[in-house]
Structures are given as C-alpha cells and as structure tokens.
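Participant: First the structure, which I've put down as structure tokens, then a few questions once you've had a look.
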Amino acid sequence: MKCYQESPNIITVFFIISLWMPRERCIELRPPDYDRHLAPRNKDGGPVTIYLSVMISSVNEVNEKDMELILGVFFRTSWTDPRLVVPKDLFNKTTESLVLSQEFIRDLKLWLPDPYIERVKKIETASMLQPFVGARLYKNGKILISQMFIITLSCPMFFQDFPFDTQTCYLEIASYFYGVKDVAFGWHLYGIATSKDIPALLGDYEFQFQVQNTTVCSVPEYVNGDYPCLKAFMRFKRRFKNYLLGVYVPSLLFVAVAWASFFWPPEAVPARTVLLITCLLTMISLYSGVQAVTPPANYTRAIDVWFFACILAVSMALFQYAVILQLRSKQLQASRQSTEYVTGLNSVGPIMENLPEKKSSSTEEYWTKIEHKVEWGARVLYLVVFFVFNILYWTIYLR
C-alpha cells in the first residue's frame, strides 16, 4: 500500500486552517497473490507487450575521435498489468489517468520491465530541481513512465571516404533478460522521432533517421533464445563544401601553379626552382594542418589520396625541371667541346676546320631537341594525367 497527499474540500469558514492541512490517501493496487518478480501475462495468456517511444530532442555531440554520440532523449515506456486492482474512485468523468511520481510507482513494488539500449556507454537522467521523470496510472491498469536522458552512445565510424563519408549509428532497444516468450516489444504512437531542429543545428552533417521494422532479435547460443527488441538507425552525411573551399581548391591551385612553371624559360633557374619548392612545402604544410583537425585513421582516406596525388604532381614538376637542367648541361658541354675543337684544330688548316664544328653542332642540336620534347611532353602529360585522376577521383567518391 502506498499513500499520497491530497487537499480537502472547503467545508466551513471556521475550519479554514484545516483546509490547507494535507490528508493522505492510501492506494493498494496489488492483489494478495501479486508477485512483482513475475512478468504479467495478457488476458489470453500471451506475453505482455511493452510499448516504447523515443523522442530524440537533440544531438549534443558527434565525437569522431572517441566514436560516440551524445543524445538528449525523451524515453517513454508503457504496459498494462491485468493483475492490478485500480480503485475506480481515483478517477472522475473527466480524468482518464492519475499523474504520479516514479518513486510512487517504485514504492508500490510493482513489476517493471527491463529495457536497455545496446552500445550505450553512459546514461544520465536530466534534472533541475528534480529529475525529469514522471508516471501515469490509467483505469485499466496501464502504466506509463516518461523520462529524459542524456545518452552517450557508441557508434563505430569508418572514414575511408572522408570528407565524403556517411556514418550510420544504430539505436537498438532490447529486453535485458526476458525472451520473446516472456514479454514483447512494440512502438507506441510515433515510435522513434526526432526534433525538427536537429538538421539545422548539425552544421557539419546532414541528418537522416529511419526506424527498422524489427521486433525480435536473436544471438547465437543466447540462453533465452530470441529476445524482444526495437531498432532504428541514424545517418550522418558529412557536408563537404567547406573542405572544397578550404582544402581542395587551394591544393588544386598549387598544382596549377606547378604546371604553369613548365612555361617559364629554363634559364630562370632561381625563380622556377623557388616556385616549385614553395608549392611543394606549402602543399605538405596544408596536408599536415588537415591531418591535425580530421578524424585519425590507420588506413587510407579519400583526402589522403587527393593530397598524395597533388604532392606527387608538384614533385614530378620539380623532377622534370631537374631533367631539363641536365639536358641544358649536356648542351653546354657540347658547346664547350665545339669551342675546344675549333681552337685545337686551327693550326691544322682550313680543310679540317669545319669537321668538328659540324659534329659538335649536331650534338648540341640533338640535346636541344630532347629538351623541347621533354618540356612539351611534360606540359601535355602532366595536364592529361591529373585531369584523368580528377575524373576517377570524383566519380568514385561522389557516387
């Protein structure tokens, strides 16, 4: 038996002080043979159905480093216990239910279901002056308990497609120990719903929520066999426009600058060398900055592939210029040999004078032609290869 306080009706002005004196009303809902350790059964003898509804009011944090979500949740549980004897005088014509505290329900020592959330790390009951918990008792023995929780939920995340990735987090509610022969689960009203403000408040993600049509789960060799459960999943699709403007466009511009160096005269050695080395160091620095603010992973991600290609492109431009300098060294060597031959053979006579000049001139022309071919070939090949890479890259990761 459990007692609660109620205010009496006004009787007479001479007892006005007693009007504010609370009286206790005692309630006993359990029949003599009631056993709170046994789950109730329906009137047809089947397992009692536990109706659940979840309202996700907020997604407080998506922690990519620890792979977890922090959610604000309104959790409602209701069931009907046919064994209860509910006094009819508790209700009037306009009252279908009686508002009680959860402590009142617990003090009555009634049977309570055992729902739990899989992959949960921590559950905190939200509170101000008191915890946000309430209960209702209906005429037919139905009990509704509503609570507000702050839930930290584990969510395995995979970043192979980062920053074009989509993360899927599952919310599974199951009975901790009862099997499907003992209790059944079902959605109450809207089942699982989310606040309309969540998509707007999640600046980095597009939010999608969907309920799975599942009420029974199974685990191999589970002692109770199949067990009641309800499933839903949340999808977080990353918004990547800020990465396009802050990462992809700048790195693409550095690759374009490296390609433009092919049109600079080879004689501008300091300018062309400094330009390419600056592009390479800036690209590496940009990649290091991105690594510091992106989720860590021990595998290759989409953004790693992009930076690898960009750094390789700039490096190849630098290597190409090294080849050009070697070719120009060959030309200079041929020119010097020509001068030496002319100086040494002037004493032989005018007949032999033209032979080494022609030989040295043809050698110099040969290396000059090679240099022009390398320059033009690098311009075209560099552009075509990077263009093909972009087609493949964006086709694969934006599918």
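Identifiers for the structure tokens are assigned positionally: chains receive A, B, ... in sequence, residues are indexed from 1 per chain, and ligands are indexed from 1 in the order shown.
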As a PyMOL selection string, please: every residue in segment 23-176 of chain A that a backbone DSSP assignment puts in alpha helix (DSSP H).
Facilitator: chain A and resi 102-107
Participant: Excluding segment 267-279 of chain A and residues on its chain fewer than 3 positions from it, collect all residues at most 9 Å away from it, counting only C-alpha atoms, and give them as a VMD selection string.
Facilitator: chain A and resid 254 to 255 257 to 258 261 to 262 264 282 to 284 311 314 to 315 317 to 318 321 325
Participant: Between segment 159-198 of chain A and segment 55-67 of chain A, at 8 Å or less, what are the per-residue closest atom pairs and their distances in Å? Count only C-alpha atoms, order by chain and rising residue number, and return it as CSV.
Facilitator:
residue,atom,partner,partner_atom,distance
A:Ile192,CA,A:Met55,CA,5.8
A:Ala193,CA,A:Met55,CA,4.9
A:Thr194,CA,A:Ile56,CA,4.6
A:Ser195,CA,A:Ser57,CA,5.0
A:Asp197,CA,A:Ser58,CA,7.9
A:Ile198,CA,A:Ser58,CA,6.0
Participant: Take atom CA of Lys139 of chain A and atom CA of Phe91 of chain A and report the distance between them in Å, one decimal.
Facilitator: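 Between atom CA of Lys139 of chain A and atom CA of Phe91 of chain A the gap works out to 7.6 Å.
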Participant: Using Å and a single decimal, report how far atom CA of Ser146 of chain A sits from atom CA of Gln102 of chain A.
Facilitator: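 Taking atom CA of Gln102 of chain A and atom CA of Ser146 of chain A, their separation equals 8.8 Å.
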Participant: Taking only C-alpha atoms into account, produce a table as a Markdown table in which each residue of segment 29-84 of chain A with an atom at most 12 Å from an atom of segment 104-113 of chain A appears once, together with its shortest atom pair and the distance in Å to one decimal, ordered by chain and rising number.
Facilitator:
| residue | atom | partner | partner_atom | distance |
| --- | --- | --- | --- | --- |
| A:Leu29 | CA | A:Leu108 | CA | 7.7 |
| A:Arg30 | CA | A:Leu110 | CA | 7.8 |
| A:Pro31 | CA | A:Leu110 | CA | 11.1 |
| A:Tyr34 | CA | A:Leu110 | CA | 8.8 |
| A:Asp35 | CA | A:Trp111 | CA | 7.8 |
| A:Arg36 | CA | A:Trp111 | CA | 4.4 |
| A:His37 | CA | A:Trp111 | CA | 6.4 |
| A:Leu38 | CA | A:Trp111 | CA | 7.1 |
| A:Ala39 | CA | A:Trp111 | CA | 6.6 |
| A:Pro40 | CA | A:Trp111 | CA | 7.9 |
| A:Arg41 | CA | A:Trp111 | CA | 11.6 |
| A:Val48 | CA | A:Pro113 | CA | 10.0 |
| A:Thr49 | CA | A:Pro113 | CA | 10.0 |
| A:Ile50 | CA | A:Pro113 | CA | 7.6 |
| A:Tyr51 | CA | A:Pro113 | CA | 10.4 |
| A:Leu52 | CA | A:Pro113 | CA | 10.9 |
| A:Arg76 | CA | A:Pro113 | CA | 12.0 |
| A:Thr77 | CA | A:Pro113 | CA | 8.6 |
| A:Ser78 | CA | A:Pro113 | CA | 9.2 |
| A:Trp79 | CA | A:Pro113 | CA | 8.6 |
| A:Thr80 | CA | A:Trp111 | CA | 10.6 |
| A:Asp81 | CA | A:Trp111 | CA | 8.5 |
| A:Pro82 | CA | A:Trp111 | CA | 11.6 |
| A:Arg83 | CA | A:Leu110 | CA | 10.3 |
| A:Leu84 | CA | A:Leu110 | CA | 9.0 |
Participant: Go ahead and save the residues from that selection, with C-alpha atoms, as a JSON list (two decimals), in the first residue's frame.
Facilitator:
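Writing the result to out-v2.json gives the following:
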[["chain", "number", "residue", "atom", "x", "y", "z"],
["A", 29, "LEU", "CA", -3.02, -1.78, -6.40],
["A", 30, "ARG", "CA", -1.70, -5.28, -5.78],
["A", 31, "PRO", "CA", -3.99, -8.20, -5.05],
["A", 34, "TYR", "CA", 0.57, -10.47, -6.69],
["A", 35, "ASP", "CA", 4.21, -11.37, -7.36],
["A", 36, "ARG", "CA", 6.33, -8.49, -8.65],
["A", 37, "HIS", "CA", 9.11, -10.91, -9.63],
["A", 38, "LEU", "CA", 6.96, -12.46, -12.37],
["A", 39, "ALA", "CA", 6.15, -10.69, -15.62],
["A", 40, "PRO", "CA", 2.42, -10.16, -16.20],
["A", 41, "ARG", "CA", 0.57, -12.03, -18.91],
["A", 48, "VAL", "CA", 2.71, -8.76, -22.05],
["A", 49, "THR", "CA", 3.57, -6.11, -24.66],
["A", 50, "ILE", "CA", 5.88, -3.27, -23.66],
["A", 51, "TYR", "CA", 5.24, -0.19, -25.78],
["A", 52, "LEU", "CA", 8.14, 2.18, -26.25],
["A", 76, "ARG", "CA", 8.52, 6.62, -22.69],
["A", 77, "THR", "CA", 7.57, 3.12, -21.60],
["A", 78, "SER", "CA", 4.04, 1.80, -21.13],
["A", 79, "TRP", "CA", 2.48, -1.57, -20.37],
["A", 80, "THR", "CA", -0.73, -2.97, -18.94],
["A", 81, "ASP", "CA", -0.65, -5.25, -15.92],
["A", 82, "PRO", "CA", -4.03, -7.08, -15.76],
["A", 83, "ARG", "CA", -3.28, -8.24, -12.22],
["A", 84, "LEU", "CA", -3.57, -4.73, -10.78]]
Participant: Which residues of segment 151-233 of chain A sit at most 9 Å from segment 295-310 of chain A, using only C-alpha atoms? Give each one's shortest atom pair and distance in Å (one decimal place), in chain and ascending residue order, as JSON lines.
Facilitator:
{"residue": "A:Phe158", "atom": "CA", "partner": "A:Ala297", "partner_atom": "CA", "distance": 8.4}
{"residue": "A:Phe159", "atom": "CA", "partner": "A:Arg301", "partner_atom": "CA", "distance": 6.2}
{"residue": "A:Gln160", "atom": "CA", "partner": "A:Arg301", "partner_atom": "CA", "distance": 4.3}
{"residue": "A:Asp161", "atom": "CA", "partner": "A:Ala302", "partner_atom": "CA", "distance": 5.0}
{"residue": "A:Phe162", "atom": "CA", "partner": "A:Ala302", "partner_atom": "CA", "distance": 5.5}
{"residue": "A:Pro163", "atom": "CA", "partner": "A:Ile303", "partner_atom": "CA", "distance": 6.7}
{"residue": "A:Phe164", "atom": "CA", "partner": "A:Ala302", "partner_atom": "CA", "distance": 7.8}
Participant: Using N, CA and C atoms, can you write the selected residues to a file as a PDB file, in the first residue's frame?
Facilitator:
ATOM      1  N   PHE A 158      33.627   4.855 -39.844  1.00  0.00           N
ATOM      2  CA  PHE A 158      34.618   4.468 -40.850  1.00  0.00           C
ATOM      3  C   PHE A 158      34.831   5.664 -41.776  1.00  0.00           C
ATOM      4  N   PHE A 159      36.115   6.009 -41.973  1.00  0.00           N
ATOM      5  CA  PHE A 159      36.449   7.252 -42.661  1.00  0.00           C
ATOM      6  C   PHE A 159      37.189   7.030 -43.971  1.00  0.00           C
ATOM      7  N   GLN A 160      36.977   5.892 -44.616  1.00  0.00           N
ATOM      8  CA  GLN A 160      37.642   5.669 -45.906  1.00  0.00           C
ATOM      9  C   GLN A 160      37.256   6.728 -46.932  1.00  0.00           C
ATOM     10  N   ASP A 161      36.017   7.224 -46.873  1.00  0.00           N
ATOM     11  CA  ASP A 161      35.541   8.204 -47.847  1.00  0.00           C
ATOM     12  C   ASP A 161      35.632   9.642 -47.349  1.00  0.00           C
ATOM     13  N   PHE A 162      36.269   9.866 -46.217  1.00  0.00           N
ATOM     14  CA  PHE A 162      36.354  11.211 -45.659  1.00  0.00           C
ATOM     15  C   PHE A 162      37.021  12.170 -46.660  1.00  0.00           C
ATOM     16  N   PRO A 163      36.452  13.371 -46.902  1.00  0.00           N
ATOM     17  CA  PRO A 163      35.318  14.014 -46.233  1.00  0.00           C
ATOM     18  C   PRO A 163      33.976  13.821 -46.935  1.00  0.00           C
ATOM     19  N   PHE A 164      33.823  12.771 -47.688  1.00  0.00           N
ATOM     20  CA  PHE A 164      32.567  12.487 -48.384  1.00  0.00           C
ATOM     21  C   PHE A 164      31.852  11.307 -47.717  1.00  0.00           C
TER      22      PHE A 164
END
Participant: Choose the residue, out of A:Tyr366, A:Trp376, A:Phe386, A:Phe177, that has the smallest atom-to-atom separation from Leu312 of chain A; count only C-alpha atoms.
Facilitator: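 For Leu312 of chain A, the nearest of the candidates is A:Phe386.
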Participant: I'd like to know which of A:Leu244, A:Ala232, A:Ile123, A:Val180 is closest to Gln208 of chain A, using only C-alpha atoms.
Facilitator: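 Using only C-alpha atoms, the shortest distance to Gln208 of chain A belongs to A:Ala232.
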Participant: Restricting the calculation to only C-alpha atoms, which member of A:Leu171, A:Tyr138, A:Leu381, A:Gly45 is positioned closest to Val73 of chain A?
Facilitator: A:Leu171
Participant: As a VMD selection string, list the residues of segment 98-300 of chain A assigned to strand (DSSP E) by DSSP on the backbone atoms of this structure.
Facilitator: chain A and resid 98 to 100 115 to 117 120 to 125 133 to 138 142 to 154 166 to 175 183 to 194 205 to 212 216 to 217 227 to 238
Participant: Env of Leu98 of chain A: 12 Å cut, atoms = only C-alpha atoms, seq-sep filter 5 positions within chain, self excluded. Answer as a ChimeraX atom specification.
Facilitator: /A:4,27,86-92,104-105,134-145
Participant: Output N, CA and C atoms of each residue in that selection to a file, as a PDB file, in the first residue's frame.
Facilitator:
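Dumped to part_19.pdb:
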ATOM      1  N   TYR A   4      -0.543   8.918  -0.701  1.00  0.00           N
ATOM      2  CA  TYR A   4      -0.150  10.210  -1.252  1.00  0.00           C
ATOM      3  C   TYR A   4      -1.035  11.272  -0.660  1.00  0.00           C
ATOM      4  N   ILE A  27      -3.216   3.979  -1.386  1.00  0.00           N
ATOM      5  CA  ILE A  27      -3.600   3.200  -2.561  1.00  0.00           C
ATOM      6  C   ILE A  27      -2.922   1.839  -2.481  1.00  0.00           C
ATOM      7  N   VAL A  86      -7.212  -1.409  -9.709  1.00  0.00           N
ATOM      8  CA  VAL A  86      -7.170   0.044  -9.661  1.00  0.00           C
ATOM      9  C   VAL A  86      -8.491   0.562  -9.086  1.00  0.00           C
ATOM     10  N   PRO A  87      -8.450   1.284  -7.959  1.00  0.00           N
ATOM     11  CA  PRO A  87      -9.691   1.841  -7.377  1.00  0.00           C
ATOM     12  C   PRO A  87     -10.358   2.810  -8.344  1.00  0.00           C
ATOM     13  N   LYS A  88     -11.635   2.631  -8.575  1.00  0.00           N
ATOM     14  CA  LYS A  88     -12.354   3.485  -9.520  1.00  0.00           C
ATOM     15  C   LYS A  88     -12.557   4.898  -8.994  1.00  0.00           C
ATOM     16  N   ASP A  89     -12.551   5.057  -7.659  1.00  0.00           N
ATOM     17  CA  ASP A  89     -12.791   6.383  -7.114  1.00  0.00           C
ATOM     18  C   ASP A  89     -11.597   7.321  -7.279  1.00  0.00           C
ATOM     19  N   LEU A  90     -10.509   6.816  -7.836  1.00  0.00           N
ATOM     20  CA  LEU A  90      -9.368   7.687  -8.122  1.00  0.00           C
ATOM     21  C   LEU A  90      -9.617   8.580  -9.325  1.00  0.00           C
ATOM     22  N   PHE A  91     -10.603   8.223 -10.133  1.00  0.00           N
ATOM     23  CA  PHE A  91     -10.860   8.928 -11.388  1.00  0.00           C
ATOM     24  C   PHE A  91     -12.280   9.474 -11.378  1.00  0.00           C
ATOM     25  N   ASN A  92     -12.473  10.552 -12.111  1.00  0.00           N
ATOM     26  CA  ASN A  92     -13.815  11.081 -12.321  1.00  0.00           C
ATOM     27  C   ASN A  92     -14.144  11.016 -13.802  1.00  0.00           C
ATOM     28  N   PHE A 104       6.706   6.894  -6.570  1.00  0.00           N
ATOM     29  CA  PHE A 104       5.440   6.326  -6.109  1.00  0.00           C
ATOM     30  C   PHE A 104       5.235   4.935  -6.727  1.00  0.00           C
ATOM     31  N   ILE A 105       5.528   4.805  -8.015  1.00  0.00           N
ATOM     32  CA  ILE A 105       5.388   3.509  -8.680  1.00  0.00           C
ATOM     33  C   ILE A 105       6.362   2.501  -8.085  1.00  0.00           C
ATOM     34  N   GLY A 134       8.405  11.137 -14.752  1.00  0.00           N
ATOM     35  CA  GLY A 134       7.001  11.168 -14.370  1.00  0.00           C
ATOM     36  C   GLY A 134       6.310   9.872 -14.727  1.00  0.00           C
ATOM     37  N   ALA A 135       5.136   9.647 -14.128  1.00  0.00           N
ATOM     38  CA  ALA A 135       4.389   8.409 -14.383  1.00  0.00           C
ATOM     39  C   ALA A 135       2.903   8.711 -14.399  1.00  0.00           C
ATOM     40  N   ARG A 136       2.176   7.878 -15.121  1.00  0.00           N
ATOM     41  CA  ARG A 136       0.721   7.964 -15.170  1.00  0.00           C
ATOM     42  C   ARG A 136       0.123   6.577 -14.921  1.00  0.00           C
ATOM     43  N   LEU A 137      -0.963   6.567 -14.193  1.00  0.00           N
ATOM     44  CA  LEU A 137      -1.713   5.344 -13.931  1.00  0.00           C
ATOM     45  C   LEU A 137      -3.085   5.478 -14.557  1.00  0.00           C
ATOM     46  N   TYR A 138      -3.478   4.511 -15.397  1.00  0.00           N
ATOM     47  CA  TYR A 138      -4.759   4.543 -16.098  1.00  0.00           C
ATOM     48  C   TYR A 138      -5.756   3.591 -15.436  1.00  0.00           C
ATOM     49  N   LYS A 139      -7.024   3.771 -15.796  1.00  0.00           N
ATOM     50  CA  LYS A 139      -8.089   2.985 -15.188  1.00  0.00           C
ATOM     51  C   LYS A 139      -7.935   1.488 -15.416  1.00  0.00           C
ATOM     52  N   ASN A 140      -7.429   1.123 -16.604  1.00  0.00           N
ATOM     53  CA  ASN A 140      -7.341  -0.296 -16.961  1.00  0.00           C
ATOM     54  C   ASN A 140      -6.059  -0.961 -16.472  1.00  0.00           C
ATOM     55  N   GLY A 141      -5.310  -0.275 -15.610  1.00  0.00           N
ATOM     56  CA  GLY A 141      -4.068  -0.850 -15.108  1.00  0.00           C
ATOM     57  C   GLY A 141      -2.862  -0.541 -15.957  1.00  0.00           C
ATOM     58  N   LYS A 142      -3.034   0.302 -16.954  1.00  0.00           N
ATOM     59  CA  LYS A 142      -1.904   0.699 -17.793  1.00  0.00           C
ATOM     60  C   LYS A 142      -1.019   1.679 -17.040  1.00  0.00           C
ATOM     61  N   ILE A 143       0.285   1.501 -17.145  1.00  0.00           N
ATOM     62  CA  ILE A 143       1.259   2.371 -16.501  1.00  0.00           C
ATOM     63  C   ILE A 143       2.149   2.972 -17.578  1.00  0.00           C
ATOM     64  N   LEU A 144       2.327   4.277 -17.525  1.00  0.00           N
ATOM     65  CA  LEU A 144       3.190   4.993 -18.459  1.00  0.00           C
ATOM     66  C   LEU A 144       4.261   5.722 -17.660  1.00  0.00           C
ATOM     67  N   ILE A 145       5.512   5.482 -17.994  1.00  0.00           N
ATOM     68  CA  ILE A 145       6.633   6.163 -17.352  1.00  0.00           C
ATOM     69  C   ILE A 145       7.402   6.934 -18.415  1.00  0.00           C
TER      70      ILE A 145
END
Participant: Given only C-alpha atoms as the basis, pick out the residue of A:Pro250, A:Pro115, A:Gly46, A:Gly203 nearest to Phe75 of chain A.
Facilitator: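 Using only C-alpha atoms, the shortest distance to Phe75 of chain A belongs to A:Pro115.
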Participant: Would you please work out which residue, of A:Phe263, A:Lys121, A:Cys229, A:Asp165, is nearest to Trp187 of chain A when using only C-alpha atoms?
Facilitator: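 Answer, going by the shortest atom-to-atom distance: A:Cys229.
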Participant: Find the distance between atom CA of Tyr176 of chain A and atom CA of Glu124 of chain A and write it in Å to one decimal.
Facilitator: 18.5 Å
